[in-house]
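Trainee: I am sharing upload-v5.txt, which consists of compact mmCIF, C-alpha atoms:
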# COMPACT_ATOMS: atom_id res chain seq x y z
CA MET G 181 5.58 -10.05 6.05
CA LEU G 182 4.40 -6.47 5.70
CA SER G 183 6.71 -3.75 6.87
CA LYS G 184 5.56 -1.29 9.53
CA LYS G 185 5.57 1.36 6.81
CA THR G 186 2.97 -0.52 4.77
CA LYS G 187 0.91 -1.49 7.81
CA TYR G 188 0.82 2.10 9.07
CA GLY G 189 0.11 3.47 5.61
CA LEU G 190 -2.87 1.14 5.22
CA LYS G 191 -4.13 1.98 8.72
CA ALA G 192 -3.91 5.72 7.98
CA LEU G 193 -5.78 5.33 4.69
CA VAL G 194 -8.47 3.22 6.37
CA TYR G 195 -8.83 5.97 8.98
CA MET G 196 -9.38 8.56 6.23
CA ALA G 197 -11.76 6.32 4.28
CA ARG G 198 -13.94 5.70 7.34
CA ARG G 199 -14.55 9.38 7.97
CA GLU G 200 -18.04 10.73 7.32
CA ASP G 201 -16.71 13.72 5.38
CA SER G 202 -13.86 14.11 2.93
CA LYS G 203 -12.27 17.09 4.70
CA PRO G 204 -8.51 17.06 5.19
CA VAL G 205 -7.25 15.20 8.27
CA LEU G 206 -4.30 16.31 10.38
CA ILE G 207 -1.37 13.94 10.67
CA SER G 208 -1.48 14.33 14.44
CA GLU G 209 -5.11 13.15 14.52
CA ILE G 210 -4.34 10.00 12.54
CA ALA G 211 -1.13 9.34 14.49
CA GLU G 212 -2.91 9.59 17.83
CA SER G 213 -5.92 7.54 16.76
CA GLU G 214 -3.89 4.75 15.16
CA ASN G 215 -0.95 4.82 17.60
CA ILE G 216 1.62 5.65 14.90
CA SER G 217 4.71 7.85 15.25
CA LYS G 218 3.82 11.26 13.81
CA LYS G 219 7.24 11.67 12.20
CA PHE G 220 7.08 8.24 10.53
CA LEU G 221 3.50 8.90 9.38
CA GLU G 222 4.57 12.19 7.76
CA ILE G 223 7.05 10.28 5.57
CA ILE G 224 4.46 7.66 4.63
CA LEU G 225 1.71 10.15 3.77
CA LEU G 226 4.12 12.26 1.71
CA GLN G 227 5.01 9.17 -0.32
CA LEU G 228 1.30 8.42 -0.86
CA LYS G 229 0.75 12.05 -1.88
CA ASN G 230 3.64 11.94 -4.35
CA SER G 231 2.19 8.72 -5.79
CA GLY G 232 -1.21 10.30 -6.47
CA PHE G 233 -3.30 8.66 -3.74
CA LEU G 234 -3.53 11.65 -1.41
CA GLY G 235 -3.89 15.39 -1.68
CA SER G 236 -2.96 17.93 0.95
CA LYS G 237 -4.09 21.34 2.03
CA LYS G 238 -2.01 23.79 4.05
CA GLY G 239 -3.19 26.21 6.70
CA LYS G 240 -6.35 26.26 8.77
CA GLY G 241 -8.53 23.26 7.98
CA GLY G 242 -5.55 21.64 6.29
CA GLY G 243 -4.25 18.10 6.28
CA TYR G 244 -4.35 15.09 3.99
CA TYR G 245 -7.32 13.69 2.06
CA LEU G 246 -8.01 10.87 -0.39
CA LEU G 247 -7.87 11.85 -4.07
CA LYS G 248 -9.84 8.80 -5.22
CA ASP G 249 -12.84 6.92 -3.94
CA PRO G 250 -11.81 4.04 -1.66
CA GLU G 251 -13.50 1.62 -4.12
CA GLN G 252 -10.96 2.65 -6.77
CA ILE G 253 -7.85 2.03 -4.67
CA THR G 254 -6.68 -1.58 -4.67
CA ILE G 255 -4.58 -3.00 -1.86
CA ALA G 256 -2.13 -4.26 -4.49
CA ALA G 257 -1.55 -0.71 -5.79
CA LEU G 258 -0.95 0.60 -2.27
CA MET G 259 1.40 -2.25 -1.42
CA ARG G 260 3.48 -1.64 -4.55
CA ILE G 261 3.92 2.01 -3.55
CA LEU G 262 4.67 1.37 0.12
CA GLU G 263 6.31 -2.05 0.04
CA GLY G 264 7.65 -2.48 -3.47
CA PRO G 265 7.19 -5.69 -5.46
CA ILE G 266 4.49 -8.09 -4.32
CA ALA G 267 6.27 -11.06 -5.90
CA PRO G 268 8.60 -12.95 -3.54
CA LEU G 269 11.40 -13.10 -6.14
CA PRO G 270 12.40 -10.49 -8.74
CA CYS G 271 12.28 -13.07 -11.56
CA VAL G 272 8.52 -13.54 -11.07
CA SER G 273 7.57 -9.89 -10.56
CA LEU G 274 5.11 -8.40 -13.05
CA HIS G 275 6.09 -4.77 -12.38
CA PHE G 276 9.68 -5.01 -11.06
CA TYR G 277 11.09 -7.93 -13.07
CA GLU G 278 14.80 -8.74 -12.82
CA LYS G 279 16.55 -11.88 -13.98
CA CYS G 280 18.12 -13.88 -11.16
CA SER G 281 21.89 -13.98 -11.55
CA ASP G 282 22.19 -17.45 -10.02
CA CYS G 283 19.76 -19.27 -12.36
CA LYS G 284 20.73 -20.65 -15.75
CA THR G 285 17.14 -20.44 -17.03
CA GLU G 286 13.88 -19.54 -15.35
CA GLU G 287 12.21 -22.57 -16.95
CA ALA G 288 14.64 -24.92 -15.19
CA CYS G 289 14.32 -23.20 -11.81
CA SER G 290 12.10 -25.10 -9.39
CA LEU G 291 11.70 -22.02 -7.18
CA ASN G 292 10.43 -19.96 -10.10
CA ARG G 293 7.41 -22.20 -10.72
CA VAL G 294 6.35 -22.19 -7.07
CA MET G 295 6.90 -18.43 -6.70
CA VAL G 296 4.81 -17.69 -9.80
CA GLU G 297 1.98 -19.68 -8.23
CA LEU G 298 2.42 -17.84 -4.92
CA ARG G 299 2.49 -14.45 -6.68
CA ASP G 300 -0.68 -15.26 -8.62
CA SER G 301 -2.46 -16.40 -5.45
CA MET G 302 -1.52 -13.22 -3.61
CA LEU G 303 -2.53 -11.02 -6.53
CA SER G 304 -5.88 -12.77 -6.89
CA VAL G 305 -6.74 -11.38 -3.45
CA LEU G 306 -4.84 -8.07 -3.41
CA GLU G 307 -6.07 -6.90 -6.85
CA LYS G 308 -9.71 -7.55 -5.90
CA LYS G 309 -9.65 -6.02 -2.42
CA THR G 310 -9.91 -2.25 -2.15
CA LEU G 311 -9.51 0.38 0.51
CA ALA G 312 -13.32 0.32 0.76
CA ASP G 313 -13.17 -3.38 1.67
CA LEU G 314 -10.60 -2.71 4.40
CA SER G 315 -12.65 0.21 5.69
CA ALA G 316 -15.82 -1.85 5.91
CA GLU G 317 -14.23 -4.68 7.88
CA SER G 318 -13.85 -4.17 11.61
Now, as a test, write the supplied structure out as structure tokens.
Mentor:
Amino acid sequence: MLSKKTKYGLKALVYMARREDSKPVLISEIAESENISKKFLEIILLQLKNSGFLGSKKGKGGGYYLLKDPEQITIAALMRILEGPIAPLPCVSLHFYEKCSDCKTEEACSLNRVMVELRDSMLSVLEKKTLADLSAES
């Protein structure tokens, strides 16, 4: 299940991607439009800025804006920043791998095989879908 942080982050990015222009957008505008707490949204957008997805401008006409075209931003990349690993277990994660302390070997673990299949299924969708895809769907 997605956390509210990830859901709100995706909603905010979709809001920015759907705009006609690429001018900076105020946090308060996004928060009001998408019914998100302004304070929580500030934290989320700062994390996306620090991760290289957003830029910001201070002062009059300031706000946040996308640094990349929506077609270049995969949902998987955004989820890894906002949510962390996509894999359901650390022993099957491609980017955040950790050996499970309770398993003797991964090859003998019945959960491992199923979770690898689940991870691959999820990634087959999330790596292909982009922010542009989310923005186009109503």
Trainee: Determine, counting all atoms listed in the file, which protein, DNA and RNA residues have an atom within 12 Å of an atom of Arg260 of chain G; residues of the same chain fewer than 3 positions away are not included. Present the result as a PyMOL selection string.
Mentor: chain G and resi 182+185-186+189-190+227-228+231+253-257+263-267+273-276+303+306-307
Trainee: Rounded to one decimal place, report the atom CA of Ala197 of chain G-atom CA of Asp300 of chain G distance in Å.
Mentor: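 About the pair atom CA of Ala197 of chain G and atom CA of Asp300 of chain G: they are 27.5 Å apart.
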Trainee: Got a sec: who's within 10 Å of Leu226 of chain G, counting all atoms listed in the file, leaving out chain neighbours fewer than 5 positions off, as a PyMOL selection string?
Mentor: chain G and resi 221+231-236+244
Trainee: Nearest to Ala192 of chain G among G:Met295, G:Ala316, G:Leu311, G:Ala288, with distances taken over only C-alpha atoms: which residue is it?
Mentor: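 Using only C-alpha atoms, the shortest distance to Ala192 of chain G belongs to G:Leu311.
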Trainee: In Å, rounded to a single decimal, give me how far atom CA of Thr310 of chain G is from atom CA of Val296 of chain G.
Mentor: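 One can read the atom CA of Val296 of chain G to atom CA of Thr310 of chain G distance as 22.7 Å.
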Trainee: Grab the atom CA of Ser315 of chain G to atom CA of Leu247 of chain G distance for me, in Å with one decimal place.
Mentor: 15.9 Å
Trainee: Can you tell me which residues surround Cys271 of chain G at a distance of at most 8 Å, considering only C-alpha atoms, apart from same-chain residues fewer than 6 positions away, and format the answer as an NGL selection string?
Mentor: :G and (277-280 or 286 or 292)
Trainee: I'd like the neighbourhood of Lys219 of chain G as a PyMOL selection string, where a residue qualifies if any of its atoms comes within 12 Å (using all atoms listed in the file), though same-chain residues fewer than 6 positions away should be ignored.
Mentor: chain G and resi 185+188+207-208+210-212+225-226
Trainee: So, counting all atoms listed in the file, which residue among G:Cys283, G:Leu314, G:Val305, G:Val294 is closest to Val194 of chain G?
Mentor: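 Checking each of G:Cys283, G:Leu314, G:Val305, G:Val294 against Val194 of chain G, counting all atoms listed in the file, the winner is G:Leu314.
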